[in-house]
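Asker: Encoded as structure tokens, here's the structure I'll be asking about.
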Amino acid sequence: MAEETLPKHHRATQSEKLVIAASSLGTVFEWYDFYLYGLLVSNITAHFLTGLNETTGFIFALGVFAAGFAVRPFGALVFGRIGDLVGRKNTFLVTMGIMGLSTFCVGLLPGFDMIGLAAPFILIALRLLQGLALGGEYGGAATYVAEHAPEGKRGLYTSWIQTTATLGLFAALLVVIGTRAAMGEAAFADWGWRVPFLVSIVLLAVSMWIRLQLAESPVFQKMKAEGKTSKAPLRESFAKWGNLKLVLIALFGAVMGQAVVWYAGQFYALFFLEKMLKVDGVTTNMMIAIALVIGTPFFVFFGWLSDRIGRKPIVLTGCALAAITYFPLFGALTQAANPALAAAQRNAPVRLVVDPAHCSVQFDPIGRNVFDERTCDIAKAFLAKAGIPYAAAAWPRDPDAGVAPSRTQLLIGGRLVLEMDDGTLLDPATRKDVVKQYQATMQASLGAAGYPARADPAQVNKPLVIAILTALILMVTMVYGPIAAMLVELFPSRIRYTSMSLPYHIGNGWFGGFLPATAFAMVAATGDIYYGLWYPVVVAAATVVIGVFLLPETFRRSIDD
């Protein structure tokens with residue numbers, strides 16, 4: 001569509017404001033439900049997984065949380081198809097109902113002590129329903145708002161939908177914090193953790209009532225009146241190369257990079273501060289919250305800007321900036337949040353000398369192996385748990401060139417501080433005491449070299465940390481603000497709901513949702529606290545290359561066809 005045909009001074013009508021508000025409110029509610037599980041994972045572990053040991057229970061609980069991300073693309077297929085067959089409004093009313101009732105049922109679900117193994121299995125089923133519902137919600141809300149928006153305003157209108165994930169997380173935090181403060185920690189741990197889940201039934205009722213006031217999308221009504229709705233949206237979307245090609249371009253040339261920037265800029269930054277830099281949880285949450293408050297309006301700003309200069313340059317610029325700046329920004333974050341750790345890294349780098357054949361892959365899905373029979377495992381596990389960055393080198397192959405490979409050496413600042421012999425661990429009766437001695441020596445040596453056990457609150461440069469976090473979130477707003485309008489405009493109206501939902505949820509559910517776990521595994525495997533950043537950097541850079549050459553610009557397109 002030519003630029004001169006766009007309305008220059010269109011003001012949102014009351015009807016359009018209601019569409020934006022109702023769609024956004026409903027999506028906030030669904031994100032509230034989705035993230036509530038993550039905020040209360042420790043309580044869920046304690047009540048539903050008490051038949052397992054602590055480590056296994058927590059791993060299982062995190063696995064259930066991840067399951068919600070894993071099934072989102074399947075929800076996109078199921079509800080995207082329904083949305084293109086029967087309409088946008090009714091479909092996202094259904095997804096909202098499923099999400100709300102699933103969340104409410106978690107609050108009512110009896111614990112492991114009452115119904116045994118049925119408790120975790122029912123919990124898994126409810127979490128899967130949540131993921132399926134979220135997979136259908138976003139595409140419906142974005143499509144519905146975009147199809148109500150006037151030409152030249154789609155980026156601005158749909159950008160309000162893009163704020164909802166952050167607002168949903170805020171809402172969940174506020175309810176959890178308020179409930180905990182009102183009833184005290186003991187009562188909250190006992191039964192009060194259920195209240196935020198039960199409150200969702202009230203939010204569900206309000207959101208459903210508001211959305212019931214809305215009419216069906218005018219674009220869908222027009223298609224239905226003319227008999228142009230799709231009879232087989234899945235086949236049209238994915239079995240025809242012309243449209244499938246657009247789906248793949250949208251995934252790899254836009255959404256894949258958007259997803260890793262979104263999760264790295266918010267969730268991985270939170271994880272990095274708390275787990276790697278050892279900043280206390282309260283301070284971390286406070287600084288992240290302030291940065292989110294500063295950054296959230298820019299979702300709307302970049303949505304508005306994309307109506308003027310295009311979606312593609314903003315999204316790809318955000319991905320490019322992330323690829324270029326993540327390593328220096330996270331390095332600066334270390335200096336600002338834990339300067340003692342940064343100084344120790346520079347002045348006294350930690351190095352292990354090991355035989356790789358005597359090191360285990362420290363992954364244990366059932367939580368029973370403590371990895372205490374080899375000194376390499378003991379050293380790596382201790383350093384990883386303490387958040388100490390290290391480099392590992394292998395013993396020379398020449399047996400005359402060094403100590404036998406059944407030993408592990410710990411060097412700090414180039415000085416040998418500990419040599420551990422696997423032979424000292426052979427006797428199970430004395431192994432526990434020997435391991436404690438090795439760990440105590442490592443702890444003392446690291447402390448003497450300046451490695452702090454925790455970040456000193458007085459040394460945390462909070463304004464600088466908030467500024468760095470805000471920079472990360474601004475990149476999030478660049479890639480996420482225009483993405484809904486772009487996806488809506490890429491696909492024809494008869495299969496729009498289906499076609500846009502799948503790449504969005506594969507990108508955000510899989511590439512983005514699994515980023516924290518993947519990046520942490522990379523750090524644990526190498527000992528380099530920055531190594532996990534290669535995942536978002538490489539994915540974002542790949543998106544830039546693919547997007548530059550293959551992703552079409554869409555902001556002047558009509559979406560009525």
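Ordering of the structure tokens sets the chain letters (A, B, ...), residue numbers begin anew at 1 in every chain, and ligands are numbered from 1 in the order given.
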Report as a tab-separated table the residues of segment 506-558 of chain A within 6 Å of segment 314-334 of chain A, each with its shortest atom pair and distance in Å (one decimal), using only C-alpha atoms, ordered by chain and increasing residue number.
Answerer:
```
residue	atom	partner	partner_atom	distance
A:Val537	CA	A:Ala323	CA	4.4
A:Ala540	CA	A:Cys319	CA	5.1
A:Ala541	CA	A:Ala323	CA	5.7
A:Val544	CA	A:Leu316	CA	5.5
```
Asker: Using only C-alpha atoms, determine which residues lie at most 9 Å from Phe301 of chain A, disregarding the query and same-chain residues fewer than 5 positions distant; provide the list as a PyMOL selection string.
Answerer: chain A and resi 156+159+306+477-478+481
Asker: Find the spatial neighbours of His505 of chain A, counting only C-alpha atoms, within a cut-off of 6 Å - ignore same-chain residues fewer than 3 positions away - and output them as a list in words.
Answerer: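 Everything that qualifies: Arg72, Pro73, Leu502, Asn508 and Gly509 of chain A.
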Asker: Those residues you just picked out, can you put them in a file as a compact mmCIF listing (two decimals), in the first residue's frame with N, CA, C and O atoms?
Answerer:
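Result went into again-v7.txt, see below:
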```txt
# COMPACT_ATOMS: atom_id res chain seq x y z
N ARG A 72 3.96 -25.42 23.43
CA ARG A 72 3.36 -24.22 22.84
C ARG A 72 3.16 -24.31 21.33
O ARG A 72 2.11 -23.91 20.82
N PRO A 73 4.13 -24.84 20.55
CA PRO A 73 3.88 -24.94 19.11
C PRO A 73 2.69 -25.84 18.77
O PRO A 73 1.99 -25.60 17.78
N LEU A 502 2.55 -20.70 14.56
CA LEU A 502 3.57 -21.75 14.66
C LEU A 502 4.99 -21.20 14.71
O LEU A 502 5.74 -21.55 15.63
N ASN A 508 9.77 -18.79 20.24
CA ASN A 508 9.76 -18.36 21.63
C ASN A 508 9.65 -19.52 22.61
O ASN A 508 10.19 -19.45 23.72
N GLY A 509 8.97 -20.60 22.21
CA GLY A 509 8.85 -21.74 23.11
C GLY A 509 10.10 -22.60 23.15
O GLY A 509 10.48 -23.08 24.22
```
Asker: Which residues come within 9 Å of segment 127-138 of chain A, counting only C-alpha atoms, excluding same-chain residues fewer than 4 positions away, as a PyMOL selection string?
Answerer: chain A and resi 26-27+30-31+33-34+37+64-65+67-80+83+91-100+102-103+106+122-123+142-143+161+497+501-502+504-505+509
Asker: Between atom CA of Ala393 of chain A and atom CA of Trp534 of chain A, what is the spacing in Å?
Answerer: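 Separation of atom CA of Trp534 of chain A and atom CA of Ala393 of chain A: 20.8 Å.
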Asker: Quick one: residues within 9 Å of Gly507 of chain A, only C-alpha atoms, excluding same-chain residues fewer than 5 positions away - as JSON, numbers by chain?
Answerer: {"A": [73, 251, 252, 254, 255, 256, 257, 258, 259, 260, 502, 512, 513]}
Asker: From the options A:Ala471, A:Gly527, A:Arg235, A:Ser23, which residue's atoms come nearest to Ala379 of chain A, counting only C-alpha atoms?
Answerer: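 Selected residue with least distance to Ala379 of chain A: A:Gly527.
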Asker: So, with only C-alpha atoms as the atoms that count, which of A:Ala118, A:Val41, A:Leu49, A:Met208 lies closest to Arg194 of chain A?
Answerer: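 Once distances to Arg194 of chain A are computed over only C-alpha atoms, the minimum belongs to A:Val41.
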Asker: Just want the 6 Å neighbourhood of Gly253 of chain A, counted on only C-alpha atoms, with same-chain residues fewer than 2 positions away dropped. Output as a ChimeraX atom specification.
Answerer: /A:249-251,543,546-547,551
Asker: Those selected residues, please, written with C-alpha atoms and delivered as a JSON list (two decimals), in the first residue's frame.
Answerer:
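Final file, again.json:
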```json
[["chain", "number", "residue", "atom", "x", "y", "z"],
["A", 249, "ILE", "CA", 11.59, -17.22, 6.76],
["A", 250, "ALA", "CA", 9.53, -15.77, 9.63],
["A", 251, "LEU", "CA", 10.99, -18.33, 12.03],
["A", 543, "THR", "CA", 18.75, -14.21, 12.16],
["A", 546, "ILE", "CA", 18.88, -14.66, 7.01],
["A", 547, "GLY", "CA", 16.57, -11.70, 7.59],
["A", 551, "LEU", "CA", 12.72, -11.39, 5.13]]
```
Asker: Could you give me, as JSON lines, a per-residue list for segment 482-521 of chain A showing, wherever an atom lies at most 10 Å from an atom of segment 263-269 of chain A, the closest pair of atoms and their distance in Å to one decimal, using only C-alpha atoms and sorting by chain then residue number from low to high?
Answerer:
```
{"residue": "A:Asn508", "atom": "CA", "partner": "A:Tyr263", "partner_atom": "CA", "distance": 8.4}
{"residue": "A:Phe511", "atom": "CA", "partner": "A:Tyr263", "partner_atom": "CA", "distance": 9.2}
{"residue": "A:Gly512", "atom": "CA", "partner": "A:Tyr263", "partner_atom": "CA", "distance": 5.6}
{"residue": "A:Gly513", "atom": "CA", "partner": "A:Tyr263", "partner_atom": "CA", "distance": 7.0}
{"residue": "A:Phe514", "atom": "CA", "partner": "A:Tyr263", "partner_atom": "CA", "distance": 8.9}
{"residue": "A:Leu515", "atom": "CA", "partner": "A:Tyr263", "partner_atom": "CA", "distance": 6.9}
{"residue": "A:Pro516", "atom": "CA", "partner": "A:Tyr268", "partner_atom": "CA", "distance": 5.6}
{"residue": "A:Ala517", "atom": "CA", "partner": "A:Tyr268", "partner_atom": "CA", "distance": 9.2}
{"residue": "A:Ala519", "atom": "CA", "partner": "A:Tyr268", "partner_atom": "CA", "distance": 8.3}
{"residue": "A:Phe520", "atom": "CA", "partner": "A:Tyr268", "partner_atom": "CA", "distance": 9.1}
```
Asker: When distances are computed from only C-alpha atoms, which of A:Phe48, A:Ser237, A:Gln335, A:Ile378 shows the smallest separation from Leu117 of chain A?
Answerer: A:Phe48
Asker: Please indicate the distance in Å from atom CA of Ala21 of chain A to atom CA of Ala146 of chain A, rounded to one decimal place.
Answerer: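 That distance, rounded to one decimal, is 13.1 Å.
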Asker: Quick one: residues within 9 Å of Tyr438 of chain A, only C-alpha atoms, excluding same-chain residues fewer than 4 positions away - as a PyMOL selection string?
Answerer: chain A and resi 375+378-379+418+420+433-434+442-443
Asker: Between A:Gln459, A:Ser493, A:Thr441, A:Thr296, which residue has the minimum interatomic distance to Asp560 of chain A, considering only C-alpha atoms?
Answerer: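 Closest candidate: A:Ser493.
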Asker: Just to confirm, what's the straight-line distance from atom CA of Leu40 of chain A to atom CA of Asp190 of chain A in Å (one decimal)?
Answerer: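 Going from atom CA of Leu40 of chain A over to atom CA of Asp190 of chain A covers 12.6 Å.
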Asker: Give the answer as one residue: which of A:Leu85, A:Ala381, A:Ile288, A:Ala344 has the shortest atom-to-atom distance to Ala448 of chain A, using only C-alpha atoms?
Answerer: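 Ranking A:Leu85, A:Ala381, A:Ile288, A:Ala344 by distance to Ala448 of chain A, first place goes to A:Ala344.
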